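Engineer: mmCIF, N, CA and C atoms, saved as target_39.cif, coming up:
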data_structure
#
loop_
_atom_site.label_atom_id
_atom_site.label_comp_id
_atom_site.auth_asym_id
_atom_site.auth_seq_id
_atom_site.Cartn_x
_atom_site.Cartn_y
_atom_site.Cartn_z
N MET A 1 32.40 166.40 -93.21
CA MET A 1 31.79 165.31 -93.92
C MET A 1 30.31 165.22 -93.53
N GLN A 2 29.46 165.12 -94.52
CA GLN A 2 28.03 165.02 -94.26
C GLN A 2 27.48 163.78 -94.95
N VAL A 3 26.76 162.96 -94.22
CA VAL A 3 26.16 161.76 -94.76
C VAL A 3 24.69 161.73 -94.37
N ASN A 4 23.90 160.98 -95.11
CA ASN A 4 22.50 160.84 -94.76
C ASN A 4 22.33 159.71 -93.75
N GLY A 5 21.35 159.86 -92.91
CA GLY A 5 21.11 158.84 -91.91
C GLY A 5 19.82 159.11 -91.15
N ILE A 6 19.72 158.49 -90.01
CA ILE A 6 18.52 158.60 -89.17
C ILE A 6 18.94 159.04 -87.78
N THR A 7 18.31 160.09 -87.29
CA THR A 7 18.54 160.57 -85.93
C THR A 7 17.26 160.37 -85.14
N ALA A 8 17.36 159.74 -83.98
CA ALA A 8 16.19 159.47 -83.15
C ALA A 8 16.44 159.96 -81.72
N ILE A 9 15.43 160.61 -81.17
CA ILE A 9 15.46 161.00 -79.76
C ILE A 9 14.34 160.24 -79.06
N LEU A 10 14.70 159.49 -78.04
CA LEU A 10 13.75 158.71 -77.26
C LEU A 10 13.62 159.37 -75.89
N ASP A 11 12.39 159.52 -75.40
CA ASP A 11 12.18 160.18 -74.11
C ASP A 11 10.95 159.57 -73.43
N LEU A 12 11.14 159.11 -72.20
CA LEU A 12 10.03 158.57 -71.44
C LEU A 12 9.03 159.68 -71.14
N ASP A 13 7.76 159.39 -71.28
CA ASP A 13 6.70 160.38 -71.07
C ASP A 13 6.41 160.56 -69.58
N LYS A 14 6.37 161.81 -69.13
CA LYS A 14 5.98 162.16 -67.75
C LYS A 14 6.72 161.32 -66.71
N PHE A 15 8.00 161.08 -66.95
CA PHE A 15 8.69 160.12 -66.11
C PHE A 15 9.02 160.63 -64.72
N LYS A 16 9.21 161.93 -64.57
CA LYS A 16 9.47 162.48 -63.21
C LYS A 16 8.27 162.20 -62.31
N GLU A 17 7.05 162.42 -62.84
CA GLU A 17 5.83 162.16 -62.05
C GLU A 17 5.69 160.67 -61.74
N ILE A 18 5.99 159.83 -62.72
CA ILE A 18 5.88 158.38 -62.53
C ILE A 18 6.87 157.92 -61.46
N THR A 19 8.09 158.40 -61.54
CA THR A 19 9.12 158.03 -60.55
C THR A 19 8.64 158.38 -59.14
N LYS A 20 8.09 159.58 -59.01
CA LYS A 20 7.61 160.04 -57.70
C LYS A 20 6.43 159.18 -57.22
N SER A 21 5.45 158.94 -58.09
CA SER A 21 4.26 158.19 -57.68
C SER A 21 4.58 156.72 -57.36
N MET A 22 5.59 156.16 -58.04
CA MET A 22 5.96 154.77 -57.81
C MET A 22 6.96 154.61 -56.66
N GLY A 23 7.51 155.74 -56.18
CA GLY A 23 8.50 155.68 -55.11
C GLY A 23 9.86 155.18 -55.57
N TRP A 24 10.14 155.32 -56.88
CA TRP A 24 11.42 154.89 -57.42
C TRP A 24 12.46 155.98 -57.22
N THR A 25 13.70 155.58 -56.97
CA THR A 25 14.80 156.53 -56.89
C THR A 25 15.29 156.83 -58.31
N GLU A 26 15.76 158.05 -58.50
CA GLU A 26 16.29 158.40 -59.82
C GLU A 26 17.77 158.05 -59.94
N TYR A 27 18.34 157.46 -58.88
CA TYR A 27 19.77 157.20 -58.86
C TYR A 27 20.16 155.77 -59.19
N LYS A 28 19.17 154.93 -59.44
CA LYS A 28 19.48 153.57 -59.89
C LYS A 28 18.38 153.12 -60.85
N PRO A 29 18.69 152.18 -61.73
CA PRO A 29 17.70 151.75 -62.71
C PRO A 29 16.47 151.11 -62.06
N ASN A 30 15.32 151.33 -62.66
CA ASN A 30 14.10 150.63 -62.29
C ASN A 30 13.71 149.77 -63.49
N ILE A 31 12.58 149.11 -63.44
CA ILE A 31 12.18 148.21 -64.54
C ILE A 31 12.09 148.96 -65.88
N ILE A 32 11.69 150.21 -65.85
CA ILE A 32 11.51 150.97 -67.08
C ILE A 32 12.85 151.51 -67.60
N THR A 33 13.59 152.23 -66.75
CA THR A 33 14.84 152.84 -67.22
C THR A 33 15.92 151.79 -67.49
N GLY A 34 15.93 150.74 -66.70
CA GLY A 34 16.89 149.66 -66.95
C GLY A 34 16.59 148.94 -68.26
N SER A 35 15.31 148.70 -68.51
CA SER A 35 14.92 148.04 -69.76
C SER A 35 15.21 148.94 -70.96
N LEU A 36 14.93 150.23 -70.83
CA LEU A 36 15.21 151.14 -71.95
C LEU A 36 16.70 151.14 -72.28
N THR A 37 17.54 151.12 -71.27
CA THR A 37 18.99 151.05 -71.50
C THR A 37 19.33 149.83 -72.35
N HIS A 38 18.83 148.68 -71.95
CA HIS A 38 19.16 147.44 -72.66
C HIS A 38 18.55 147.39 -74.06
N LEU A 39 17.34 147.90 -74.21
CA LEU A 39 16.69 147.91 -75.53
C LEU A 39 17.46 148.79 -76.51
N VAL A 40 17.90 149.97 -76.05
CA VAL A 40 18.67 150.87 -76.90
C VAL A 40 20.01 150.23 -77.25
N GLU A 41 20.69 149.66 -76.25
CA GLU A 41 21.97 149.00 -76.51
C GLU A 41 21.84 147.91 -77.57
N GLU A 42 20.78 147.13 -77.50
CA GLU A 42 20.57 146.03 -78.44
C GLU A 42 20.39 146.55 -79.86
N VAL A 43 19.54 147.57 -80.03
CA VAL A 43 19.28 148.11 -81.37
C VAL A 43 20.52 148.79 -81.93
N VAL A 44 21.22 149.55 -81.11
CA VAL A 44 22.43 150.23 -81.56
C VAL A 44 23.49 149.21 -81.99
N SER A 45 23.61 148.15 -81.22
CA SER A 45 24.58 147.11 -81.55
C SER A 45 24.19 146.39 -82.85
N ARG A 46 22.94 146.01 -82.95
CA ARG A 46 22.47 145.23 -84.10
C ARG A 46 22.50 146.03 -85.39
N LEU A 47 22.14 147.32 -85.31
CA LEU A 47 22.05 148.14 -86.53
C LEU A 47 23.24 149.10 -86.69
N ARG A 48 24.26 148.88 -85.88
CA ARG A 48 25.48 149.70 -85.93
C ARG A 48 25.19 151.20 -85.80
N GLY A 49 24.37 151.53 -84.82
CA GLY A 49 24.08 152.92 -84.53
C GLY A 49 25.10 153.49 -83.57
N VAL A 50 24.95 154.78 -83.28
CA VAL A 50 25.84 155.46 -82.35
C VAL A 50 24.98 156.20 -81.33
N VAL A 51 25.28 155.99 -80.05
CA VAL A 51 24.60 156.74 -79.00
C VAL A 51 25.32 158.07 -78.85
N ILE A 52 24.62 159.15 -79.12
CA ILE A 52 25.21 160.48 -79.02
C ILE A 52 25.09 161.01 -77.59
N TYR A 53 23.99 160.67 -76.94
CA TYR A 53 23.74 161.18 -75.60
C TYR A 53 22.72 160.28 -74.88
N GLY A 54 22.86 160.14 -73.58
CA GLY A 54 21.78 159.68 -72.73
C GLY A 54 21.80 158.27 -72.19
N LEU A 55 22.52 157.36 -72.80
CA LEU A 55 22.51 155.99 -72.29
C LEU A 55 23.19 155.97 -70.93
N ASP A 56 22.50 155.45 -69.90
CA ASP A 56 23.04 155.51 -68.55
C ASP A 56 22.77 154.20 -67.82
N GLU A 57 23.78 153.34 -67.81
CA GLU A 57 23.63 152.03 -67.16
C GLU A 57 23.58 152.14 -65.65
N GLU A 58 24.24 153.14 -65.07
CA GLU A 58 24.28 153.28 -63.61
C GLU A 58 22.97 153.77 -63.03
N ARG A 59 22.31 154.70 -63.71
CA ARG A 59 21.07 155.29 -63.19
C ARG A 59 19.84 154.84 -63.97
N GLY A 60 20.05 154.27 -65.13
CA GLY A 60 18.93 153.92 -65.99
C GLY A 60 18.72 155.03 -67.01
N THR A 61 18.21 154.69 -68.16
CA THR A 61 18.06 155.64 -69.26
C THR A 61 16.65 156.21 -69.29
N GLU A 62 16.57 157.53 -69.24
CA GLU A 62 15.28 158.22 -69.36
C GLU A 62 15.11 158.82 -70.75
N GLU A 63 16.24 159.21 -71.34
CA GLU A 63 16.22 159.77 -72.69
C GLU A 63 17.52 159.41 -73.38
N ALA A 64 17.47 159.39 -74.71
CA ALA A 64 18.67 159.06 -75.48
C ALA A 64 18.57 159.67 -76.87
N ILE A 65 19.73 160.03 -77.40
CA ILE A 65 19.84 160.46 -78.79
C ILE A 65 20.70 159.43 -79.49
N ILE A 66 20.16 158.84 -80.55
CA ILE A 66 20.93 157.85 -81.30
C ILE A 66 20.87 158.17 -82.79
N LYS A 67 21.95 157.82 -83.47
CA LYS A 67 22.04 158.07 -84.90
C LYS A 67 22.45 156.79 -85.62
N PHE A 68 21.91 156.64 -86.82
CA PHE A 68 22.20 155.48 -87.65
C PHE A 68 22.62 155.97 -89.03
N VAL A 69 23.73 155.45 -89.52
CA VAL A 69 24.20 155.75 -90.87
C VAL A 69 24.27 154.42 -91.61
N GLU A 70 23.88 154.41 -92.84
CA GLU A 70 23.92 153.19 -93.65
C GLU A 70 23.10 152.06 -93.02
N ALA A 71 22.00 152.42 -92.39
CA ALA A 71 21.10 151.41 -91.84
C ALA A 71 19.81 151.45 -92.65
N ASP A 72 19.15 150.32 -92.74
CA ASP A 72 17.89 150.24 -93.46
C ASP A 72 16.82 151.03 -92.69
N GLU A 73 16.23 152.01 -93.36
CA GLU A 73 15.25 152.90 -92.73
C GLU A 73 14.09 152.12 -92.11
N ASP A 74 13.54 151.17 -92.86
CA ASP A 74 12.41 150.39 -92.35
C ASP A 74 12.81 149.59 -91.11
N GLU A 75 14.00 149.01 -91.15
CA GLU A 75 14.46 148.22 -90.01
C GLU A 75 14.65 149.09 -88.77
N VAL A 76 15.21 150.29 -88.95
CA VAL A 76 15.39 151.20 -87.81
C VAL A 76 14.02 151.58 -87.24
N LEU A 77 13.09 151.97 -88.10
CA LEU A 77 11.76 152.38 -87.62
C LEU A 77 11.02 151.23 -86.95
N LYS A 78 11.12 150.02 -87.48
CA LYS A 78 10.50 148.85 -86.85
C LYS A 78 11.13 148.58 -85.48
N SER A 79 12.44 148.73 -85.40
CA SER A 79 13.14 148.50 -84.13
C SER A 79 12.74 149.54 -83.09
N LEU A 80 12.61 150.80 -83.50
CA LEU A 80 12.17 151.85 -82.58
C LEU A 80 10.74 151.58 -82.11
N GLU A 81 9.89 151.12 -83.01
CA GLU A 81 8.51 150.80 -82.64
C GLU A 81 8.48 149.63 -81.64
N ARG A 82 9.36 148.65 -81.81
CA ARG A 82 9.43 147.54 -80.85
C ARG A 82 9.84 148.05 -79.47
N ILE A 83 10.78 148.99 -79.43
CA ILE A 83 11.19 149.57 -78.14
C ILE A 83 10.00 150.29 -77.51
N ARG A 84 9.29 151.09 -78.30
CA ARG A 84 8.14 151.84 -77.78
C ARG A 84 7.09 150.87 -77.21
N CYS A 85 6.79 149.82 -77.94
CA CYS A 85 5.80 148.84 -77.50
C CYS A 85 6.24 148.10 -76.23
N GLU A 86 7.52 147.77 -76.14
CA GLU A 86 8.03 147.06 -74.96
C GLU A 86 7.95 147.95 -73.72
N ILE A 87 8.28 149.22 -73.85
CA ILE A 87 8.18 150.14 -72.70
C ILE A 87 6.72 150.29 -72.29
N GLU A 88 5.81 150.39 -73.26
CA GLU A 88 4.39 150.48 -72.95
C GLU A 88 3.93 149.22 -72.20
N ARG A 89 4.36 148.04 -72.66
CA ARG A 89 3.99 146.78 -72.01
C ARG A 89 4.52 146.73 -70.57
N LEU A 90 5.79 147.10 -70.40
CA LEU A 90 6.39 147.10 -69.06
C LEU A 90 5.70 148.12 -68.16
N GLY A 91 5.30 149.25 -68.73
CA GLY A 91 4.58 150.27 -67.97
C GLY A 91 3.24 149.73 -67.46
N ARG A 92 2.55 149.00 -68.32
CA ARG A 92 1.27 148.39 -67.92
C ARG A 92 1.50 147.35 -66.83
N GLU A 93 2.48 146.46 -67.06
CA GLU A 93 2.73 145.37 -66.12
C GLU A 93 3.22 145.85 -64.76
N SER A 94 4.00 146.93 -64.75
CA SER A 94 4.54 147.44 -63.49
C SER A 94 3.54 148.33 -62.74
N GLY A 95 2.45 148.70 -63.42
CA GLY A 95 1.49 149.60 -62.81
C GLY A 95 1.88 151.07 -62.90
N SER A 96 3.02 151.33 -63.55
CA SER A 96 3.49 152.72 -63.66
C SER A 96 2.86 153.44 -64.86
N ASN A 97 2.34 152.64 -65.81
CA ASN A 97 1.80 153.18 -67.06
C ASN A 97 2.81 154.04 -67.83
N ALA A 98 4.09 153.70 -67.70
CA ALA A 98 5.14 154.43 -68.42
C ALA A 98 4.98 154.21 -69.92
N THR A 99 5.26 155.26 -70.68
CA THR A 99 5.25 155.18 -72.14
C THR A 99 6.45 155.95 -72.67
N LEU A 100 6.68 155.80 -73.96
CA LEU A 100 7.86 156.38 -74.59
C LEU A 100 7.47 157.13 -75.86
N SER A 101 8.00 158.33 -76.01
CA SER A 101 7.83 159.08 -77.25
C SER A 101 9.16 159.10 -77.98
N ILE A 102 9.08 159.07 -79.32
CA ILE A 102 10.29 159.05 -80.14
C ILE A 102 10.13 160.03 -81.29
N GLY A 103 11.09 160.93 -81.42
CA GLY A 103 11.14 161.84 -82.56
C GLY A 103 12.26 161.39 -83.49
N VAL A 104 11.95 161.33 -84.80
CA VAL A 104 12.90 160.83 -85.77
C VAL A 104 13.07 161.83 -86.91
N TYR A 105 14.32 162.05 -87.27
CA TYR A 105 14.62 162.87 -88.45
C TYR A 105 15.45 162.02 -89.40
N ILE A 106 15.05 162.02 -90.66
CA ILE A 106 15.79 161.29 -91.69
C ILE A 106 16.39 162.31 -92.64
N GLY A 107 17.71 162.33 -92.73
CA GLY A 107 18.38 163.30 -93.59
C GLY A 107 19.85 163.41 -93.21
N PRO A 108 20.48 164.52 -93.61
CA PRO A 108 21.91 164.69 -93.36
C PRO A 108 22.28 164.64 -91.88
N ILE A 109 23.39 163.99 -91.61
CA ILE A 109 23.94 163.91 -90.25
C ILE A 109 25.30 164.60 -90.27
N THR A 110 25.49 165.50 -89.32
CA THR A 110 26.72 166.30 -89.32
C THR A 110 27.79 165.74 -88.40
N SER A 111 27.39 165.00 -87.35
CA SER A 111 28.38 164.48 -86.40
C SER A 111 27.92 163.17 -85.81
N LEU A 112 28.86 162.27 -85.60
CA LEU A 112 28.56 160.99 -84.96
C LEU A 112 29.30 160.84 -83.64
N LYS A 113 29.80 161.95 -83.09
CA LYS A 113 30.56 161.90 -81.85
C LYS A 113 29.61 162.02 -80.64
N PRO A 114 29.77 161.14 -79.65
CA PRO A 114 29.02 161.33 -78.40
C PRO A 114 29.41 162.68 -77.80
N GLN A 115 28.43 163.39 -77.23
CA GLN A 115 28.69 164.72 -76.69
C GLN A 115 27.65 165.10 -75.65
N PRO A 116 27.95 166.13 -74.85
CA PRO A 116 26.98 166.60 -73.86
C PRO A 116 25.70 167.07 -74.57
N LEU A 117 24.60 167.00 -73.87
CA LEU A 117 23.31 167.39 -74.45
C LEU A 117 23.34 168.80 -75.01
N SER A 118 23.97 169.74 -74.31
CA SER A 118 24.01 171.13 -74.77
C SER A 118 24.68 171.25 -76.13
N GLU A 119 25.69 170.43 -76.38
CA GLU A 119 26.36 170.43 -77.68
C GLU A 119 25.56 169.67 -78.73
N ALA A 120 25.04 168.52 -78.32
CA ALA A 120 24.28 167.68 -79.26
C ALA A 120 23.08 168.42 -79.82
N LYS A 121 22.43 169.25 -78.98
CA LYS A 121 21.23 169.97 -79.40
C LYS A 121 21.50 171.04 -80.46
N LYS A 122 22.77 171.35 -80.72
CA LYS A 122 23.10 172.36 -81.72
C LYS A 122 23.11 171.80 -83.14
N ALA A 123 23.21 170.48 -83.28
CA ALA A 123 23.26 169.86 -84.60
C ALA A 123 21.88 169.92 -85.25
N PHE A 124 21.85 170.25 -86.52
CA PHE A 124 20.58 170.41 -87.25
C PHE A 124 19.71 169.17 -87.13
N GLU A 125 20.31 167.98 -87.31
CA GLU A 125 19.51 166.77 -87.28
C GLU A 125 18.89 166.51 -85.91
N VAL A 126 19.58 166.93 -84.84
CA VAL A 126 19.03 166.78 -83.50
C VAL A 126 17.91 167.79 -83.28
N VAL A 127 18.08 168.99 -83.78
CA VAL A 127 17.03 170.01 -83.70
C VAL A 127 15.75 169.48 -84.36
N MET A 128 15.92 168.86 -85.53
CA MET A 128 14.76 168.34 -86.26
C MET A 128 14.12 167.15 -85.53
N ALA A 129 14.94 166.25 -85.00
CA ALA A 129 14.40 165.10 -84.25
C ALA A 129 13.70 165.58 -82.98
N LEU A 130 14.25 166.62 -82.35
CA LEU A 130 13.63 167.21 -81.16
C LEU A 130 12.28 167.83 -81.50
N ARG A 131 12.20 168.44 -82.65
CA ARG A 131 10.93 169.01 -83.13
C ARG A 131 9.89 167.89 -83.28
N ALA A 132 10.31 166.76 -83.85
CA ALA A 132 9.41 165.62 -84.01
C ALA A 132 9.00 165.06 -82.64
N LEU A 133 9.95 164.99 -81.70
CA LEU A 133 9.66 164.50 -80.35
C LEU A 133 8.63 165.40 -79.66
N LYS A 134 8.82 166.71 -79.77
CA LYS A 134 7.88 167.65 -79.14
C LYS A 134 6.48 167.50 -79.74
N LYS A 135 6.40 167.24 -81.03
CA LYS A 135 5.12 167.01 -81.67
C LYS A 135 4.47 165.74 -81.11
N ALA A 136 5.26 164.68 -80.94
CA ALA A 136 4.75 163.44 -80.37
C ALA A 136 4.21 163.68 -78.96
N LYS A 137 4.92 164.46 -78.17
CA LYS A 137 4.49 164.76 -76.79
C LYS A 137 3.20 165.58 -76.81
N ARG A 138 3.12 166.57 -77.72
CA ARG A 138 1.91 167.40 -77.82
C ARG A 138 0.69 166.56 -78.20
N MET A 139 0.93 165.48 -78.94
CA MET A 139 -0.16 164.61 -79.38
C MET A 139 -0.51 163.56 -78.32
N GLY A 140 0.06 163.69 -77.13
CA GLY A 140 -0.27 162.79 -76.03
C GLY A 140 0.79 161.76 -75.71
N GLY A 141 1.88 161.76 -76.45
CA GLY A 141 2.98 160.83 -76.18
C GLY A 141 2.69 159.42 -76.66
N ASN A 142 3.61 158.51 -76.30
CA ASN A 142 3.50 157.10 -76.65
C ASN A 142 3.36 156.89 -78.16
N ARG A 143 4.20 157.60 -78.92
CA ARG A 143 4.15 157.46 -80.38
C ARG A 143 5.49 157.86 -80.97
N ILE A 144 5.63 157.53 -82.25
CA ILE A 144 6.81 157.92 -83.02
C ILE A 144 6.36 158.92 -84.09
N ILE A 145 7.07 160.03 -84.17
CA ILE A 145 6.82 161.01 -85.22
C ILE A 145 8.09 161.10 -86.06
N VAL A 146 7.95 161.01 -87.37
CA VAL A 146 9.08 161.08 -88.29
C VAL A 146 8.97 162.35 -89.10
N LEU A 147 10.06 163.12 -89.14
CA LEU A 147 10.14 164.32 -90.00
C LEU A 147 11.09 164.06 -91.13
#
Before we go any further, please render this structure as structure tokens.

Structural biologist:
Amino acid sequence: MQVNGITAILDLDKFKEITKSMGWTEYKPNIITGSLTHLVEEVVSRLRGVVIYGLDEERGTEEAIIKFVEADEDEVLKSLERIRCEIERLGRESGSNATLSIGVYIGPITSLKPQPLSEAKKAFEVVMALRALKKAKRMGGNRIIVL
């Protein structure tokens, strides 16, 4: 079964370096990864999305793959932009300067099952969203790119 939808990959920019410079442990949530977890949960719940990979309440979320079917495209994009802005604000306030890049693909979705990253990356829509994410990172991060 193939349906149209929105696939988004969210990834904190340069987060390994930030974690090291701030002295944060990668084994429990900090202000950035804990907030990203809750922001993603809220949007997924409100817009009936599905987390395919990455949400981690125990350690905090550094990256996530989420998919939306039968959701309003503008509402999803506005919600993703709110997440990006909130992470940027928290990054400024915490002194970590953390930011978030998001790659988005709008088109056919082949699977809505949560799966390991190695499996998730094989789906066409994830490949396309990853391509958009890499473009966002190449452009300096802290942005959303839609393909």

Engineer: Between atom CA of A:Val3 and atom C of A:Thr110, what is the distance in Å, rounded to a tenth?

Structural biologist: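 Atom-to-atom, atom CA of A:Val3 to atom C of A:Thr110, that is 7.7 Å.
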
Engineer: Contacts of A:Ser79 at 10 Å or less, counting only C-alpha atoms, minus same-chain residues fewer than 5 places along, as a list of chain:residue names?

Structural biologist: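 In the requested form, the answer reads A:Leu39, A:Val40, A:Glu42, A:Val43, A:Val44, A:Arg46, A:Leu47, A:Glu73, A:Asp74, A:Arg84, A:Cys85.
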
Engineer: Between A:Ile9, A:Val146, A:Leu36, A:Ala129, which residue has the minimum interatomic distance to A:Leu90, considering only C-alpha atoms?

Structural biologist: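 The answer is A:Leu36, which sits nearest to A:Leu90.
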
Engineer: Env of A:Ala132: 8 Å cut, atoms = only N, CA and C atoms, seq-sep filter 2 positions within chain, self excluded. Answer as a list in words.

Structural biologist: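 What passes the distance filter is Ile9, Ser101, Ile102, Gly103, Val104, Tyr105, Val126, Val127, Met128, Ala129, Leu130, Lys134, Lys135, Ala136, Lys137, Arg138, Ile144, Ile145, Val146 and Leu147 of chain A.
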
Engineer: I'd like the interatomic distance between atom C of A:Leu133 and atom N of A:Lys28, to a tenth of an Å.

Structural biologist: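 According to the coordinates, atom C of A:Leu133 and atom N of A:Lys28 are separated by 25.1 Å.
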
Engineer: In Å, rounded to a single decimal, give me how far atom CA of A:Ile65 is from atom CA of A:Arg89.

Structural biologist: 22.0 Å

Engineer: Evaluate the PyMOL selection byres (((chain A and resi 87 and name CA) around 9) and name CA) here and jot the selected residues down as a PyMOL selection string.

Structural biologist: chain A and resi 12+32+35-36+82-86+88-92+98-100

Engineer: Output N, CA and C atoms of each residue in that selection to a file, as a PDB file, in the frame of the given file.

Structural biologist:
ATOM      1  N   LEU A  12      11.140 159.110 -72.200  1.00  0.00           N
ATOM      2  CA  LEU A  12      10.030 158.570 -71.440  1.00  0.00           C
ATOM      3  C   LEU A  12       9.030 159.680 -71.140  1.00  0.00           C
ATOM      4  N   ILE A  32      11.690 150.210 -65.850  1.00  0.00           N
ATOM      5  CA  ILE A  32      11.510 150.970 -67.080  1.00  0.00           C
ATOM      6  C   ILE A  32      12.850 151.510 -67.600  1.00  0.00           C
ATOM      7  N   SER A  35      15.310 148.700 -68.510  1.00  0.00           N
ATOM      8  CA  SER A  35      14.920 148.040 -69.760  1.00  0.00           C
ATOM      9  C   SER A  35      15.210 148.940 -70.960  1.00  0.00           C
ATOM     10  N   LEU A  36      14.930 150.230 -70.830  1.00  0.00           N
ATOM     11  CA  LEU A  36      15.210 151.140 -71.950  1.00  0.00           C
ATOM     12  C   LEU A  36      16.700 151.140 -72.280  1.00  0.00           C
ATOM     13  N   ARG A  82       9.360 148.650 -81.810  1.00  0.00           N
ATOM     14  CA  ARG A  82       9.430 147.540 -80.850  1.00  0.00           C
ATOM     15  C   ARG A  82       9.840 148.050 -79.470  1.00  0.00           C
ATOM     16  N   ILE A  83      10.780 148.990 -79.430  1.00  0.00           N
ATOM     17  CA  ILE A  83      11.190 149.570 -78.140  1.00  0.00           C
ATOM     18  C   ILE A  83      10.000 150.290 -77.510  1.00  0.00           C
ATOM     19  N   ARG A  84       9.290 151.090 -78.300  1.00  0.00           N
ATOM     20  CA  ARG A  84       8.140 151.840 -77.780  1.00  0.00           C
ATOM     21  C   ARG A  84       7.090 150.870 -77.210  1.00  0.00           C
ATOM     22  N   CYS A  85       6.790 149.820 -77.940  1.00  0.00           N
ATOM     23  CA  CYS A  85       5.800 148.840 -77.500  1.00  0.00           C
ATOM     24  C   CYS A  85       6.240 148.100 -76.230  1.00  0.00           C
ATOM     25  N   GLU A  86       7.520 147.770 -76.140  1.00  0.00           N
ATOM     26  CA  GLU A  86       8.030 147.060 -74.960  1.00  0.00           C
ATOM     27  C   GLU A  86       7.950 147.950 -73.720  1.00  0.00           C
ATOM     28  N   GLU A  88       5.810 150.390 -73.260  1.00  0.00           N
ATOM     29  CA  GLU A  88       4.390 150.480 -72.950  1.00  0.00           C
ATOM     30  C   GLU A  88       3.930 149.220 -72.200  1.00  0.00           C
ATOM     31  N   ARG A  89       4.360 148.040 -72.660  1.00  0.00           N
ATOM     32  CA  ARG A  89       3.990 146.780 -72.010  1.00  0.00           C
ATOM     33  C   ARG A  89       4.520 146.730 -70.570  1.00  0.00           C
ATOM     34  N   LEU A  90       5.790 147.100 -70.400  1.00  0.00           N
ATOM     35  CA  LEU A  90       6.390 147.100 -69.060  1.00  0.00           C
ATOM     36  C   LEU A  90       5.700 148.120 -68.160  1.00  0.00           C
ATOM     37  N   GLY A  91       5.300 149.250 -68.730  1.00  0.00           N
ATOM     38  CA  GLY A  91       4.580 150.270 -67.970  1.00  0.00           C
ATOM     39  C   GLY A  91       3.240 149.730 -67.460  1.00  0.00           C
ATOM     40  N   ARG A  92       2.550 149.000 -68.320  1.00  0.00           N
ATOM     41  CA  ARG A  92       1.270 148.390 -67.920  1.00  0.00           C
ATOM     42  C   ARG A  92       1.500 147.350 -66.830  1.00  0.00           C
ATOM     43  N   ALA A  98       4.090 153.700 -67.700  1.00  0.00           N
ATOM     44  CA  ALA A  98       5.140 154.430 -68.420  1.00  0.00           C
ATOM     45  C   ALA A  98       4.980 154.210 -69.920  1.00  0.00           C
ATOM     46  N   THR A  99       5.260 155.260 -70.680  1.00  0.00           N
ATOM     47  CA  THR A  99       5.250 155.180 -72.140  1.00  0.00           C
ATOM     48  C   THR A  99       6.450 155.950 -72.670  1.00  0.00           C
ATOM     49  N   LEU A 100       6.680 155.800 -73.960  1.00  0.00           N
ATOM     50  CA  LEU A 100       7.860 156.380 -74.590  1.00  0.00           C
ATOM     51  C   LEU A 100       7.470 157.130 -75.860  1.00  0.00           C
TER      52      LEU A 100
END

Engineer: Would you please work out which residue, of A:Glu119, A:Glu81, A:Glu41, A:Glu93, is nearest to A:Glu57 when using only C-alpha atoms?

Structural biologist: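 For A:Glu57, the nearest of the given residues is A:Glu41.
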
Engineer: Let's see if you can do this: from backbone DSSP, list all strand (DSSP E) residues in chain A, as a PyMOL selection string.

Structural biologist: chain A and resi 3-12+50-53+63-69+100-109+144-146

Engineer: Among stretch 3-140 of chain A, which ones does DSSP place in alpha helix (DSSP H), written as JSON, numbers by chain?

Structural biologist: {"A": [15, 16, 17, 18, 19, 20, 21, 22, 31, 32, 33, 34, 35, 36, 37, 38, 39, 40, 41, 42, 43, 44, 45, 46, 73, 74, 75, 76, 77, 78, 79, 80, 81, 82, 83, 84, 85, 86, 87, 88, 89, 90, 91, 92, 93, 94, 117, 118, 119, 120, 124, 125, 126, 127, 128, 129, 130, 131, 132, 133, 134, 135, 136, 137, 138]}

Engineer: Under the PyMOL selection byres (((chain A and resi 27 and name CA) around 9) and name CA), which residues of this model are included? Write them out as a list in words.

Structural biologist: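 This file, filtered by the PyMOL selection byres (((chain A and resi 27 and name CA) around 9) and name CA), leaves Trp24, Thr25, Glu26, Lys28, Pro29, Glu58, Arg59 and Gly60 of chain A.
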
Engineer: For each of A:Ala64, A:Gly54, A:Asn30, A:Val76, take the minimum atom-to-atom distance to A:Leu10, counting only C-alpha atoms, then give the residue where this is smallest.

Structural biologist: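 Between A:Ala64, A:Gly54, A:Asn30, A:Val76, the residue approaching A:Leu10 most closely is A:Ala64.
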
Engineer: Hey, which of A:Ser45, A:Phe15, A:Ile52, A:Glu62 ends up closest to A:Thr33? Count all atoms listed in the file.

Structural biologist: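 Nearest to A:Thr33: A:Glu62.
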
Engineer: Please provide as a VMD selection string all residues within 8 Å of A:Lys113, with the sequence filter that same-chain residues fewer than 5 positions apart are discarded (counting all atoms listed in the file).

Structural biologist: chain A and resid 50 to 53 120

Engineer: Save stretch 137-141 of chain A to disk from that block, N, CA, C and O atoms included, as a CSV table (one decimal), in the first residue's frame.

Structural biologist:
chain,number,residue,atom,x,y,z
A,137,LYS,N,22.2,21.0,5.9
A,137,LYS,CA,23.5,21.0,6.7
A,137,LYS,C,24.6,21.7,5.9
A,137,LYS,O,25.3,22.5,6.4
A,138,ARG,N,24.6,21.4,4.5
A,138,ARG,CA,25.6,22.1,3.7
A,138,ARG,C,25.4,23.6,3.6
A,138,ARG,O,26.4,24.3,3.4
A,139,MET,N,24.2,24.0,3.8
A,139,MET,CA,23.9,25.5,3.7
A,139,MET,C,24.1,26.1,5.1
A,139,MET,O,23.7,27.3,5.3
A,140,GLY,N,24.7,25.4,6.0
A,140,GLY,CA,25.0,26.0,7.3
A,140,GLY,C,24.1,25.6,8.5
A,140,GLY,O,24.3,26.0,9.6
A,141,GLY,N,23.1,24.7,8.2
A,141,GLY,CA,22.2,24.2,9.2
A,141,GLY,C,21.2,25.2,9.7
A,141,GLY,O,21.0,26.3,9.1
